[in-house]
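Asks: My file is coords.cif. It has mmCIF, N, CA and C atoms:
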```
data_structure
#
loop_
_atom_site.group_PDB
_atom_site.id
_atom_site.type_symbol
_atom_site.label_atom_id
_atom_site.label_comp_id
_atom_site.auth_asym_id
_atom_site.auth_seq_id
_atom_site.Cartn_x
_atom_site.Cartn_y
_atom_site.Cartn_z
ATOM 1 N N MET A 1444 13.625 -32.401 7.322
ATOM 2 C CA MET A 1444 13.250 -33.722 6.898
ATOM 3 C C MET A 1444 11.718 -33.813 6.892
ATOM 4 N N ASN A 1445 11.160 -34.213 5.794
ATOM 5 C CA ASN A 1445 9.714 -34.358 5.662
ATOM 6 C C ASN A 1445 9.377 -35.845 5.716
ATOM 7 N N GLN A 1446 8.845 -36.305 6.861
ATOM 8 C CA GLN A 1446 8.534 -37.712 7.024
ATOM 9 C C GLN A 1446 7.034 -37.924 7.137
ATOM 10 N N HIS A 1447 6.618 -39.090 6.736
ATOM 11 C CA HIS A 1447 5.237 -39.510 6.900
ATOM 12 C C HIS A 1447 5.264 -40.799 7.705
ATOM 13 N N ILE A 1448 4.629 -40.787 8.844
ATOM 14 C CA ILE A 1448 4.560 -41.970 9.695
ATOM 15 C C ILE A 1448 3.185 -42.594 9.481
ATOM 16 N N HIS A 1449 3.178 -43.828 9.068
ATOM 17 C CA HIS A 1449 1.934 -44.541 8.814
ATOM 18 C C HIS A 1449 1.605 -45.432 10.005
ATOM 19 N N CYS A 1450 0.341 -45.501 10.361
ATOM 20 C CA CYS A 1450 -0.100 -46.272 11.513
ATOM 21 C C CYS A 1450 -1.498 -46.816 11.237
ATOM 22 N N ILE A 1451 -1.728 -48.058 11.576
ATOM 23 C CA ILE A 1451 -3.053 -48.653 11.379
ATOM 24 C C ILE A 1451 -3.768 -48.914 12.707
ATOM 25 N N VAL A 1452 -3.304 -48.286 13.785
ATOM 26 C CA VAL A 1452 -3.926 -48.446 15.108
ATOM 27 C C VAL A 1452 -4.977 -47.341 15.258
ATOM 28 N N SER A 1453 -6.179 -47.620 14.789
ATOM 29 C CA SER A 1453 -7.207 -46.584 14.679
ATOM 30 C C SER A 1453 -7.790 -46.125 16.011
ATOM 31 N N ASP A 1454 -7.498 -46.830 17.117
ATOM 32 C CA ASP A 1454 -7.995 -46.345 18.402
ATOM 33 C C ASP A 1454 -6.956 -45.512 19.146
ATOM 34 N N CYS A 1455 -5.912 -45.085 18.448
ATOM 35 C CA CYS A 1455 -4.905 -44.190 19.022
ATOM 36 C C CYS A 1455 -5.313 -42.744 18.770
ATOM 37 N N HIS A 1456 -5.069 -41.900 19.746
ATOM 38 C CA HIS A 1456 -5.377 -40.464 19.627
ATOM 39 C C HIS A 1456 -4.708 -39.833 18.404
ATOM 40 N N TYR A 1457 -3.519 -40.278 18.046
ATOM 41 C CA TYR A 1457 -2.756 -39.659 16.969
ATOM 42 C C TYR A 1457 -3.057 -40.234 15.590
ATOM 43 N N TRP A 1458 -3.872 -41.280 15.517
ATOM 44 C CA TRP A 1458 -4.237 -41.863 14.229
ATOM 45 C C TRP A 1458 -5.139 -40.907 13.475
ATOM 46 N N ASP A 1459 -4.938 -40.825 12.149
ATOM 47 C CA ASP A 1459 -5.779 -39.973 11.316
ATOM 48 C C ASP A 1459 -6.111 -40.704 10.026
ATOM 49 N N HIS A 1460 -7.096 -40.201 9.330
ATOM 50 C CA HIS A 1460 -7.540 -40.803 8.069
ATOM 51 C C HIS A 1460 -6.362 -41.046 7.137
ATOM 52 N N GLY A 1461 -6.448 -42.099 6.377
ATOM 53 C CA GLY A 1461 -5.351 -42.477 5.494
ATOM 54 C C GLY A 1461 -4.261 -43.227 6.234
ATOM 55 N N ASN A 1462 -4.568 -43.669 7.461
ATOM 56 C CA ASN A 1462 -3.608 -44.388 8.301
ATOM 57 C C ASN A 1462 -2.326 -43.591 8.540
ATOM 58 N N MET A 1463 -2.521 -42.330 8.911
ATOM 59 C CA MET A 1463 -1.398 -41.446 9.204
ATOM 60 C C MET A 1463 -1.277 -41.231 10.710
ATOM 61 N N CYS A 1464 -0.040 -41.166 11.209
ATOM 62 C CA CYS A 1464 0.224 -40.821 12.600
ATOM 63 C C CYS A 1464 0.457 -39.316 12.652
ATOM 64 N N ARG A 1465 -0.302 -38.625 13.484
ATOM 65 C CA ARG A 1465 -0.205 -37.164 13.594
ATOM 66 C C ARG A 1465 0.567 -36.706 14.827
ATOM 67 N N ALA A 1466 1.223 -37.613 15.522
ATOM 68 C CA ALA A 1466 2.043 -37.216 16.668
ATOM 69 C C ALA A 1466 3.240 -36.416 16.173
ATOM 70 N N ASN A 1467 3.632 -35.407 16.919
ATOM 71 C CA ASN A 1467 4.792 -34.599 16.552
ATOM 72 C C ASN A 1467 6.099 -35.355 16.773
ATOM 73 N N GLU A 1468 6.079 -36.282 17.703
ATOM 74 C CA GLU A 1468 7.229 -37.129 17.988
ATOM 75 C C GLU A 1468 6.697 -38.526 18.292
ATOM 76 N N ILE A 1469 7.462 -39.542 17.940
ATOM 77 C CA ILE A 1469 7.098 -40.902 18.319
ATOM 78 C C ILE A 1469 8.324 -41.591 18.901
ATOM 79 N N LEU A 1470 8.075 -42.597 19.709
ATOM 80 C CA LEU A 1470 9.148 -43.429 20.237
ATOM 81 C C LEU A 1470 8.839 -44.871 19.872
ATOM 82 N N VAL A 1471 9.713 -45.471 19.097
ATOM 83 C CA VAL A 1471 9.617 -46.881 18.760
ATOM 84 C C VAL A 1471 10.664 -47.593 19.595
ATOM 85 N N SER A 1472 10.244 -48.628 20.295
ATOM 86 C CA SER A 1472 11.150 -49.346 21.182
ATOM 87 C C SER A 1472 11.043 -50.847 20.934
ATOM 88 N N THR A 1473 11.884 -51.584 21.630
ATOM 89 C CA THR A 1473 11.740 -53.031 21.611
ATOM 90 C C THR A 1473 10.608 -53.401 22.564
ATOM 91 N N ASP A 1474 9.998 -54.539 22.321
ATOM 92 C CA ASP A 1474 8.945 -55.006 23.222
ATOM 93 C C ASP A 1474 9.477 -55.190 24.640
ATOM 94 N N SER A 1475 10.686 -55.705 24.759
ATOM 95 C CA SER A 1475 11.235 -55.935 26.104
ATOM 96 C C SER A 1475 11.412 -54.616 26.861
ATOM 97 N N PHE A 1476 11.846 -53.558 26.187
ATOM 98 C CA PHE A 1476 11.956 -52.237 26.809
ATOM 99 C C PHE A 1476 10.570 -51.754 27.230
ATOM 100 N N ALA A 1477 9.609 -51.830 26.319
ATOM 101 C CA ALA A 1477 8.259 -51.333 26.586
ATOM 102 C C ALA A 1477 7.596 -52.066 27.743
ATOM 103 N N ASN A 1478 7.834 -53.358 27.844
ATOM 104 C CA ASN A 1478 7.222 -54.147 28.913
ATOM 105 C C ASN A 1478 7.782 -53.824 30.292
ATOM 106 N N LYS A 1479 8.972 -53.236 30.342
ATOM 107 C CA LYS A 1479 9.623 -52.919 31.624
ATOM 108 C C LYS A 1479 9.406 -51.479 32.061
ATOM 109 N N ARG A 1480 8.870 -50.638 31.192
ATOM 110 C CA ARG A 1480 8.742 -49.215 31.492
ATOM 111 C C ARG A 1480 7.283 -48.802 31.550
ATOM 112 N N PRO A 1481 6.957 -47.804 32.373
ATOM 113 C CA PRO A 1481 5.582 -47.299 32.420
ATOM 114 C C PRO A 1481 5.254 -46.506 31.150
ATOM 115 N N ASP A 1482 3.975 -46.304 30.901
ATOM 116 C CA ASP A 1482 3.540 -45.586 29.703
ATOM 117 C C ASP A 1482 4.069 -44.158 29.629
ATOM 118 N N ARG A 1483 4.408 -43.560 30.762
ATOM 119 C CA ARG A 1483 4.898 -42.170 30.730
ATOM 120 C C ARG A 1483 6.275 -42.044 30.071
ATOM 121 N N VAL A 1484 6.992 -43.157 29.906
ATOM 122 C CA VAL A 1484 8.264 -43.129 29.176
ATOM 123 C C VAL A 1484 7.906 -43.070 27.697
ATOM 124 N N ASP A 1485 8.184 -41.914 27.083
ATOM 125 C CA ASP A 1485 7.751 -41.689 25.703
ATOM 126 C C ASP A 1485 8.765 -40.844 24.953
ATOM 127 N N ALA A 1486 8.370 -40.359 23.798
ATOM 128 C CA ALA A 1486 9.254 -39.644 22.879
ATOM 129 C C ALA A 1486 9.969 -38.460 23.516
ATOM 130 N N THR A 1487 9.342 -37.795 24.463
ATOM 131 C CA THR A 1487 9.973 -36.638 25.093
ATOM 132 C C THR A 1487 11.230 -37.018 25.875
ATOM 133 N N MET A 1488 11.396 -38.294 26.174
ATOM 134 C CA MET A 1488 12.554 -38.786 26.924
ATOM 135 C C MET A 1488 13.573 -39.494 26.030
ATOM 136 N N ALA A 1489 13.364 -39.511 24.754
ATOM 137 C CA ALA A 1489 14.172 -40.321 23.834
ATOM 138 C C ALA A 1489 15.672 -40.068 23.944
ATOM 139 N N LYS A 1490 16.087 -38.830 24.114
ATOM 140 C CA LYS A 1490 17.519 -38.530 24.175
ATOM 141 C C LYS A 1490 18.195 -39.084 25.414
ATOM 142 N N GLN A 1491 17.413 -39.421 26.431
ATOM 143 C CA GLN A 1491 17.949 -39.955 27.680
ATOM 144 C C GLN A 1491 18.027 -41.482 27.685
ATOM 145 N N LEU A 1492 17.460 -42.128 26.682
ATOM 146 C CA LEU A 1492 17.342 -43.586 26.666
ATOM 147 C C LEU A 1492 18.486 -44.232 25.893
ATOM 148 N N ALA A 1493 18.916 -45.385 26.360
ATOM 149 C CA ALA A 1493 19.987 -46.126 25.682
ATOM 150 C C ALA A 1493 19.416 -46.883 24.490
ATOM 151 N N PRO A 1494 20.146 -46.923 23.371
ATOM 152 C CA PRO A 1494 19.706 -47.704 22.216
ATOM 153 C C PRO A 1494 19.605 -49.186 22.585
ATOM 154 N N ASP A 1495 18.773 -49.904 21.864
ATOM 155 C CA ASP A 1495 18.532 -51.312 22.111
ATOM 156 C C ASP A 1495 18.477 -52.029 20.761
ATOM 157 N N THR A 1496 18.575 -53.325 20.754
ATOM 158 C CA THR A 1496 18.449 -54.086 19.507
ATOM 159 C C THR A 1496 17.217 -54.972 19.588
ATOM 160 N N ALA A 1497 16.513 -55.109 18.458
ATOM 161 C CA ALA A 1497 15.275 -55.882 18.421
ATOM 162 C C ALA A 1497 15.468 -57.258 17.793
ATOM 163 N N GLY A 1498 16.232 -57.340 16.731
ATOM 164 C CA GLY A 1498 16.425 -58.612 16.044
ATOM 165 C C GLY A 1498 15.384 -58.875 14.974
ATOM 166 N N THR A 1499 14.116 -58.560 15.277
ATOM 167 C CA THR A 1499 13.054 -58.749 14.281
ATOM 168 C C THR A 1499 12.016 -57.635 14.426
ATOM 169 N N CYS A 1500 11.260 -57.429 13.388
ATOM 170 C CA CYS A 1500 10.167 -56.450 13.407
ATOM 171 C C CYS A 1500 9.150 -56.811 14.479
ATOM 172 N N MET A 1501 8.909 -58.086 14.690
ATOM 173 C CA MET A 1501 7.916 -58.543 15.660
ATOM 174 C C MET A 1501 8.309 -58.212 17.097
ATOM 175 N N SER A 1502 9.519 -57.774 17.309
ATOM 176 C CA SER A 1502 9.996 -57.436 18.654
ATOM 177 C C SER A 1502 10.010 -55.939 18.906
ATOM 178 N N THR A 1503 9.250 -55.179 18.127
ATOM 179 C CA THR A 1503 9.230 -53.730 18.280
ATOM 180 C C THR A 1503 7.842 -53.232 18.670
ATOM 181 N N CYS A 1504 7.795 -51.993 19.188
ATOM 182 C CA CYS A 1504 6.566 -51.453 19.762
ATOM 183 C C CYS A 1504 6.575 -49.930 19.650
ATOM 184 N N CYS A 1505 5.435 -49.327 19.349
ATOM 185 C CA CYS A 1505 5.304 -47.871 19.361
ATOM 186 C C CYS A 1505 4.877 -47.440 20.758
ATOM 187 N N LYS A 1506 5.717 -46.673 21.454
ATOM 188 C CA LYS A 1506 5.423 -46.223 22.811
ATOM 189 C C LYS A 1506 4.613 -44.931 22.835
ATOM 190 N N THR A 1507 4.270 -44.367 21.685
ATOM 191 C CA THR A 1507 3.554 -43.102 21.641
ATOM 192 C C THR A 1507 2.041 -43.302 21.660
ATOM 193 N N TYR A 1508 1.575 -44.537 21.582
ATOM 194 C CA TYR A 1508 0.144 -44.830 21.588
ATOM 195 C C TYR A 1508 -0.549 -44.168 22.770
ATOM 196 N N VAL A 1509 -1.639 -43.475 22.474
ATOM 197 C CA VAL A 1509 -2.510 -42.884 23.482
ATOM 198 C C VAL A 1509 -3.935 -43.230 23.049
ATOM 199 N N PRO A 1510 -4.746 -43.813 23.929
ATOM 200 C CA PRO A 1510 -6.113 -44.163 23.538
ATOM 201 C C PRO A 1510 -6.883 -42.940 23.053
ATOM 202 N N ALA A 1511 -7.618 -43.112 21.968
ATOM 203 C CA ALA A 1511 -8.448 -42.022 21.450
ATOM 204 C C ALA A 1511 -9.430 -41.592 22.526
ATOM 205 N N GLY A 1512 -9.605 -40.293 22.691
ATOM 206 C CA GLY A 1512 -10.537 -39.756 23.666
ATOM 207 C C GLY A 1512 -10.000 -39.700 25.085
ATOM 208 N N SER A 1513 -8.738 -40.082 25.287
ATOM 209 C CA SER A 1513 -8.187 -40.059 26.642
ATOM 210 C C SER A 1513 -7.726 -38.653 27.016
ATOM 211 N N ASN A 1514 -7.372 -38.470 28.270
ATOM 212 C CA ASN A 1514 -6.872 -37.169 28.722
ATOM 213 C C ASN A 1514 -5.358 -37.073 28.620
ATOM 214 N N GLN A 1515 -4.718 -38.006 27.950
ATOM 215 C CA GLN A 1515 -3.258 -38.030 27.821
ATOM 216 C C GLN A 1515 -2.797 -37.402 26.502
ATOM 217 N N ILE A 1516 -3.465 -36.381 26.047
ATOM 218 C CA ILE A 1516 -3.209 -35.868 24.698
ATOM 219 C C ILE A 1516 -1.849 -35.214 24.519
ATOM 220 N N ASN A 1517 -1.109 -34.956 25.568
ATOM 221 C CA ASN A 1517 0.202 -34.341 25.433
ATOM 222 C C ASN A 1517 1.334 -35.347 25.581
ATOM 223 N N ALA A 1518 1.058 -36.625 25.379
ATOM 224 C CA ALA A 1518 2.061 -37.666 25.576
ATOM 225 C C ALA A 1518 3.283 -37.486 24.687
ATOM 226 N N ASP A 1519 3.120 -36.845 23.538
ATOM 227 C CA ASP A 1519 4.277 -36.646 22.662
ATOM 228 C C ASP A 1519 4.933 -35.295 22.893
ATOM 229 N N GLY A 1520 4.512 -34.587 23.904
ATOM 230 C CA GLY A 1520 5.129 -33.311 24.241
ATOM 231 C C GLY A 1520 4.465 -32.114 23.617
ATOM 232 N N VAL A 1521 3.615 -32.310 22.623
ATOM 233 C CA VAL A 1521 2.964 -31.194 21.951
ATOM 234 C C VAL A 1521 1.494 -31.554 21.741
ATOM 235 N N LYS A 1522 0.616 -30.629 22.045
ATOM 236 C CA LYS A 1522 -0.810 -30.885 21.896
ATOM 237 C C LYS A 1522 -1.192 -31.020 20.429
ATOM 238 N N ARG A 1523 -1.970 -32.032 20.142
ATOM 239 C CA ARG A 1523 -2.417 -32.264 18.776
ATOM 240 C C ARG A 1523 -3.494 -31.259 18.404
ATOM 241 N N MET A 1524 -3.388 -30.707 17.233
ATOM 242 C CA MET A 1524 -4.400 -29.785 16.734
ATOM 243 C C MET A 1524 -5.431 -30.583 15.966
ATOM 244 N N THR A 1525 -6.710 -30.397 16.282
ATOM 245 C CA THR A 1525 -7.766 -31.145 15.586
ATOM 246 C C THR A 1525 -8.573 -30.239 14.707
#
```
Turn this file's structure into structure tokens for me.
Replies:
Amino acid sequence: MNQHIHCIVSDCHYWDHGNMCRANEILVSTDSFANKRPDRVDATMAKQLAPDTAGTCMSTCCKTYVPAGSNQINADGVKRMT
């Protein structure tokens, strides 16, 4: 499957020119899930997590966000090549 993930969060480590997400894996969750879990809960744990319902787009969140320049560059399980 050839997917393109678009992201406009330019202060994320995985953001790239053209508003592309360069993370090898991402985890999209509901806001309520994200608010209850620490940042270390991410895409590498996706198979262990129970599905949830959002109801609206405004109730969703990308859990793969890593601040640009941070030391958390392996949050998606694979080091980003620059």
Asks: Using DSSP on the backbone, list every residue of chain A that comes out as helix (DSSP H, G or I), and give them as a ChimeraX atom specification.
Replies: /A:1474-1479,1486-1491,1500-1502
Asks: Would you translate the PyMOL selection byres (((chain A and resi 1485 and name CA) around 10) and name CA) into the concrete set of residues it matches in this file, as a list in words?
Replies: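 After applying the PyMOL selection byres (((chain A and resi 1485 and name CA) around 10) and name CA), what remains is Glu1468, Ile1469, Leu1470, Val1471, Ser1472, Ala1477, Arg1480, Pro1481, Asp1482, Arg1483, Val1484, Ala1486, Thr1487, Met1488, Ala1489, Leu1492, Cys1505, Lys1506, Thr1507, Tyr1508, Ala1518, Asp1519 and Gly1520 of chain A.
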Asks: Could you name the residues that touch A:Pro1510 at 6 Å or less, counting only C-alpha atoms, but leaving out those on the same chain fewer than 3 positions away, as a list in words?
Replies: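 Residues meeting the cut-off are Asp1454, Cys1455, His1456 and Ser1513 of chain A.
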Asks: Please return as a list in words: the residues of stretch 1444-1519 of chain A that backbone DSSP assigns to strand (DSSP E).
Replies: Trp1458, Asp1459, Met1463, Cys1464, Val1471, Ser1472, Thr1473, Thr1503, Cys1504 and Cys1505 of chain A
Asks: Between atom CA of A:Ile1448 and atom C of A:Thr1503, what is the spacing in Å?
Replies: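 Separation between atom C of A:Thr1503 and atom CA of A:Ile1448: 14.8 Å.
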Asks: With only N, CA and C atoms as the atoms that count, which of A:Thr1473, A:Ser1453, A:Asn1467, A:Gln1491 lies nearest to A:Cys1504?
Replies: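 Checking each of A:Thr1473, A:Ser1453, A:Asn1467, A:Gln1491 against A:Cys1504, counting only N, CA and C atoms, the winner is A:Thr1473.
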Asks: Report the distance between atom N of A:Ser1502 and atom C of A:Gly1461 in Å, rounded to one decimal place.
Replies: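 Distance reported for this atom pair: 22.9 Å.
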Asks: Mind pulling up the distance from atom C of A:Gln1446 to atom N of A:Ala1466?
Replies: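 Between atom N of A:Ala1466 and atom C of A:Gln1446 the gap is 10.2 Å.
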Asks: Point out the residue among A:His1447, A:Arg1465, A:Asp1474, A:His1460 with the least atom-to-atom distance to A:Cys1500, counting only C-alpha atoms.
Replies: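 Smallest separation from A:Cys1500 among the options: A:Asp1474.
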Asks: Could you give me, as a list in words, the residues within 6 Å of A:Met1463, counting all atoms listed in the file and dropping anything in the same chain fewer than 3 positions from it?
Replies: Ile1448, His1449, Cys1450, Tyr1457, Trp1458, Asp1459 and His1460 of chain A
